[in-house]
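*Asks:* This is entry-v7.cif, which holds mmCIF, C-alpha atoms:
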data_model
loop_
_atom_site.label_atom_id
_atom_site.label_comp_id
_atom_site.auth_asym_id
_atom_site.auth_seq_id
_atom_site.Cartn_x
_atom_site.Cartn_y
_atom_site.Cartn_z
CA MET A 1 0.00 0.00 0.00
CA ARG A 2 2.75 2.42 0.96
CA SER A 3 4.64 1.95 -2.31
CA TRP A 4 1.45 2.69 -4.27
CA TRP A 5 1.13 6.00 -2.41
CA ILE A 6 4.71 6.95 -3.22
CA ILE A 7 4.38 5.95 -6.86
CA GLY A 8 0.92 7.51 -7.11
CA THR A 9 2.01 10.90 -5.75
CA ALA A 10 5.41 11.21 -7.42
CA PRO A 11 4.01 12.61 -10.71
CA VAL A 12 1.96 15.20 -8.77
CA TRP A 13 5.02 16.26 -6.80
CA LEU A 14 7.18 16.46 -9.92
CA ALA A 15 4.53 18.45 -11.80
CA SER A 16 4.14 20.98 -8.99
CA ALA A 17 7.90 21.35 -8.56
CA ALA A 18 8.32 22.11 -12.27
CA THR A 19 5.57 24.78 -12.26
CA ALA A 20 6.66 28.31 -11.42
CA GLN A 21 5.08 29.30 -8.14
CA PRO A 22 3.63 32.80 -7.62
CA ALA A 23 5.02 34.99 -4.86
CA SER A 24 3.87 34.04 -1.39
CA VAL A 25 1.21 36.15 0.32
CA ALA A 26 3.95 37.43 2.66
CA ASP A 27 6.09 38.48 -0.33
CA THR A 28 3.12 40.21 -1.96
CA LEU A 29 2.41 42.12 1.28
CA SER A 30 6.01 42.64 2.42
CA MET A 31 5.48 46.41 2.71
CA MET A 32 2.86 45.81 5.44
CA GLN A 33 4.95 43.62 7.73
CA GLY A 34 6.26 45.00 11.00
CA LEU A 35 5.01 47.08 13.91
CA TRP A 36 3.19 50.33 13.11
CA LYS A 37 1.97 53.23 15.25
CA GLY A 38 0.27 56.55 14.62
CA SER A 39 -3.04 58.37 14.57
CA ALA A 40 -6.52 57.36 13.49
CA THR A 41 -9.28 59.92 13.15
CA GLY A 42 -12.78 59.68 11.84
CA MET A 43 -16.49 59.53 12.50
CA GLY A 44 -17.97 56.86 14.74
CA PRO A 45 -21.18 54.99 13.95
CA GLU A 46 -23.23 57.54 15.92
CA GLY A 47 -21.72 60.44 13.94
CA LYS A 48 -19.32 61.58 16.67
CA PRO A 49 -15.73 62.38 15.68
CA PHE A 50 -12.95 60.36 17.28
CA ALA A 51 -9.16 60.46 17.52
CA ILE A 52 -7.14 57.50 18.79
CA THR A 53 -3.60 56.16 18.74
CA GLN A 54 -3.63 53.23 16.34
CA THR A 55 -1.17 50.33 16.35
CA GLU A 56 -0.87 47.51 13.85
CA ARG A 57 1.30 44.43 13.95
CA VAL A 58 1.64 42.39 10.80
CA GLY A 59 3.51 39.13 10.34
CA ALA A 60 3.61 35.96 8.28
CA LEU A 61 2.75 32.36 9.13
CA LEU A 62 2.96 28.98 7.38
CA ASP A 63 6.01 29.81 5.25
CA GLY A 64 4.41 33.04 4.04
CA ARG A 65 1.10 31.49 2.97
CA LEU A 66 -0.77 33.59 5.55
CA VAL A 67 -0.34 37.13 6.81
CA ALA A 68 -1.86 37.98 10.20
CA ILE A 69 -2.78 41.52 11.29
CA GLU A 70 -3.82 42.80 14.69
CA GLY A 71 -5.02 46.39 14.97
CA ARG A 72 -5.51 48.17 18.29
CA GLY A 73 -6.77 51.69 18.91
CA TYR A 74 -6.20 53.50 22.22
CA ASP A 75 -7.85 56.56 23.71
CA ALA A 76 -5.74 59.38 25.21
CA ASP A 77 -5.86 57.64 28.63
CA ARG A 78 -4.51 54.41 26.99
CA THR A 79 -7.88 52.64 27.20
CA LEU A 80 -8.34 50.08 24.44
CA LYS A 81 -11.13 51.41 22.21
CA PHE A 82 -10.70 49.26 19.11
CA ASN A 83 -9.33 45.77 18.51
CA ALA A 84 -9.46 43.79 15.27
CA PHE A 85 -7.71 40.77 13.82
CA ALA A 86 -7.40 39.59 10.23
CA VAL A 87 -5.83 36.81 8.21
CA ILE A 88 -4.91 37.25 4.57
CA SER A 89 -4.51 34.22 2.32
CA ARG A 90 -4.75 33.30 -1.33
CA GLY A 91 -8.23 33.53 -2.81
CA ASP A 92 -10.08 30.82 -4.70
CA LYS A 93 -9.03 32.22 -8.08
CA PRO A 94 -5.38 32.50 -9.15
CA GLY A 95 -3.82 35.86 -8.34
CA THR A 96 -6.48 36.86 -5.79
CA LEU A 97 -6.25 37.45 -2.05
CA GLU A 98 -8.84 36.81 0.64
CA PHE A 99 -9.10 39.05 3.70
CA ARG A 100 -10.81 37.39 6.71
CA ALA A 101 -11.46 40.03 9.39
CA TYR A 102 -12.77 39.90 12.95
CA GLN A 103 -13.83 42.81 15.16
CA GLY A 104 -16.01 42.28 18.21
CA ASP A 105 -18.85 39.98 17.18
CA ASP A 106 -18.48 41.01 13.54
CA ALA A 107 -16.57 38.86 11.05
CA GLY A 108 -16.42 38.52 7.30
CA THR A 109 -14.40 37.41 4.32
CA PHE A 110 -13.67 39.97 1.62
CA ALA A 111 -11.69 40.19 -1.60
CA MET A 112 -8.43 42.13 -1.37
CA SER A 113 -6.34 43.54 -4.20
CA VAL A 114 -2.76 44.77 -4.36
CA ASP A 115 -1.51 47.19 -6.98
CA GLY A 116 2.17 47.84 -6.36
CA ARG A 117 2.28 49.40 -2.89
CA VAL A 118 -1.48 50.09 -2.64
CA VAL A 119 -3.82 47.61 -0.95
CA ARG A 120 -7.63 47.75 -1.27
CA TRP A 121 -10.53 45.86 0.21
CA GLN A 122 -14.19 46.57 0.78
CA ARG A 123 -17.10 45.24 2.76
CA PRO A 124 -20.89 45.49 2.46
CA ALA A 125 -22.49 48.26 4.56
CA GLY A 126 -26.20 47.74 3.96
CA PRO A 127 -28.38 47.86 0.84
CA GLY A 128 -26.61 49.72 -1.97
CA ALA A 129 -23.64 50.63 0.23
CA ILE A 130 -20.06 49.53 0.90
CA VAL A 131 -17.15 50.64 3.03
CA ARG A 132 -13.96 50.76 0.93
CA PHE A 133 -10.50 50.78 2.50
CA THR A 134 -7.39 51.92 0.63
CA ILE A 135 -3.97 51.55 2.26
CA ASP A 136 -1.16 53.41 0.49
CA PHE A 137 2.48 52.54 1.27
CA THR A 138 4.06 54.52 -1.61
CA GLN A 139 5.59 57.12 0.76
CA GLY A 140 6.93 54.44 3.14
CA ASN A 141 4.20 55.02 5.73
CA TRP A 142 0.82 53.35 6.25
CA HIS A 143 -1.78 55.83 5.01
CA GLU A 144 -5.28 54.34 5.08
CA ILE A 145 -8.60 55.88 4.14
CA GLY A 146 -11.95 54.22 4.85
CA GLU A 147 -14.87 55.59 2.84
CA TYR A 148 -18.59 54.94 3.05
CA LEU A 149 -20.03 54.69 -0.46
CA ALA A 150 -23.80 54.57 -0.94
CA ASP A 151 -25.74 54.61 -4.20
CA GLY A 152 -26.48 58.18 -5.32
CA LYS A 153 -24.34 59.83 -2.62
CA PRO A 154 -20.80 61.22 -2.70
CA PRO A 155 -18.12 59.16 -0.86
CA ALA A 156 -17.86 60.00 2.84
CA LYS A 157 -14.53 59.51 4.63
CA ILE A 158 -15.16 57.65 7.89
CA ILE A 159 -11.59 56.95 9.01
CA GLU A 160 -8.02 57.97 8.21
CA LEU A 161 -4.89 56.30 9.58
CA ASN A 162 -1.41 57.78 9.41
CA LEU A 163 1.05 55.25 10.78
CA SER A 164 4.84 54.98 10.86
CA ARG A 165 6.70 51.71 10.90
CA VAL A 166 8.40 51.49 14.31
CA ALA A 167 10.05 48.05 14.26
CA ASP A 168 10.41 44.63 12.70
CA THR A 169 8.50 41.81 14.32
CA ASP A 170 8.64 38.03 14.40
CA TRP A 171 5.00 37.95 15.56
CA PRO A 172 3.08 35.64 15.24
CA ARG A 173 5.81 33.06 14.54
CA ALA A 174 7.75 33.85 17.74
CA ASN A 175 7.67 31.64 20.82
CA PRO A 176 5.93 28.54 19.45
CA VAL A 177 4.88 25.80 21.83
CA LEU A 178 7.63 23.18 21.64
CA PRO A 179 7.45 19.45 22.46
#
Mind turning this structure into structure tokens?
*Replies:*
Amino acid sequence: MRSWWIIGTAPVWLASAATAQPASVADTLSMMQGLWKGSATGMGPEGKPFAITQTERVGALLDGRLVAIEGRGYDADRTLKFNAFAVISRGDKPGTLEFRAYQGDDAGTFAMSVDGRVVRWQRPAGPGAIVRFTIDFTQGNWHEIGEYLADGKPPAKIIELNLSRVADTDWPRANPVLP
């Protein structure tokens, strides 16, 4: 039985080794990786303006097949006001990325695109509406705009992040549980 398995899988292994592999998710998103800190300002769900200190940590897992992101936003008194987590992986179709995000009791899976050093994703926001996020790394910083777009209305900016990269990180690979 074992020799059948080896013989049966050898052609698959050889075929995949001979095929050029696309860049890993971590390579595609290399500009995001590290520890980031800066300001986030915007309008809350109840229409009240807010200003927080935003941090992001971004690192790779599974040999670069996944990229994990944790975002935290702190009030002036250092109270945690926002916490989100996301995992980015390859999408179902070649050349696509999938963004799986969690925040509070809210979670969803969304398409993500990368154009050079600009990352975009969007999520539904009710009938005829979306929230679109654009993260621009072209100046070496993390500049993110979140916009609410509803049918028949002009885009409304709901959040803006201006973050600086403060350090490298080996999160989340660091300190694994060992045997």
*Asks:* Determine, for each residue of stretch 96-122 of chain A having at least one atom at most 10 Å from an atom of stretch 133-139 of chain A, the closest pair of atoms and their separation in Å to one decimal, counting only C-alpha atoms; order by chain and ascending number, as CSV.
*Replies:*
residue,atom,partner,partner_atom,distance
A:Met112,CA,A:Phe133,CA,9.7
A:Ser113,CA,A:Thr134,CA,9.7
A:Val114,CA,A:Ile135,CA,9.6
A:Asp115,CA,A:Asp136,CA,9.7
A:Gly116,CA,A:Thr138,CA,8.4
A:Arg117,CA,A:Phe137,CA,5.2
A:Val118,CA,A:Asp136,CA,4.6
A:Val119,CA,A:Ile135,CA,5.1
A:Arg120,CA,A:Thr134,CA,4.6
A:Trp121,CA,A:Phe133,CA,5.4
A:Gln122,CA,A:Phe133,CA,5.9
*Asks:* May I ask which of the residues A:His143, A:Glu56, A:Gly104, A:Val25 is the closest one to A:Ser89, counting only C-alpha atoms?
*Replies:*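 Using only C-alpha atoms, A:Ser89 sits closest to A:Val25.
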*Asks:* Please evaluate the PyMOL selection byres ((chain A and resi 157-173) around 9) against the displayed coordinates and give the resulting residues as JSON, numbers by chain.
*Replies:* {"A": [32, 33, 34, 35, 36, 37, 38, 39, 40, 41, 42, 43, 44, 45, 54, 55, 56, 57, 58, 59, 60, 61, 62, 68, 131, 135, 140, 141, 142, 143, 144, 145, 146, 147, 148, 149, 155, 156, 174, 175, 176]}
*Asks:* Point out the residue among A:Ala107, A:Ala101, A:Ala86, A:Ala129 with the least atom-to-atom distance to A:Pro154, counting all atoms listed in the file.
*Replies:*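 Among the listed residues, the smallest separation from A:Pro154 belongs to A:Ala129.
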*Asks:* Could you tell me how far atom CA of A:Ala51 lies from atom CA of A:Ala76, in Å and to one decimal?
*Replies:* 8.5 Å
*Asks:* Considering only C-alpha atoms, return as a PDB file with C-alpha atoms, keeping the file's coordinate frame whatever protein or nucleic-acid residues lie within 9 Å of A:Asp75, sequence-local ones (same chain, fewer than 6 positions apart) excluded.
*Replies:*
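As written to disk, selection_6.pdb reads:
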ATOM      1  CA  ALA A  51      -9.160  60.460  17.520  1.00  0.00           C
ATOM      2  CA  ILE A  52      -7.140  57.500  18.790  1.00  0.00           C
ATOM      3  CA  THR A  53      -3.600  56.160  18.740  1.00  0.00           C
ATOM      4  CA  LYS A  81     -11.130  51.410  22.210  1.00  0.00           C
TER       5      LYS A  81
END
*Asks:* Tell me, in Å to one decimal, how far atom CA of A:Arg65 is from atom CA of A:Arg90.
*Replies:*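 Taking atom CA of A:Arg65 as the start and atom CA of A:Arg90 as the end point, the length is 7.5 Å.
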*Asks:* Just give me the gap between atom CA of A:Gly73 and atom CA of A:Tyr102 in Å, one decimal is fine.
*Replies:*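 These atoms are spaced 14.5 Å apart.
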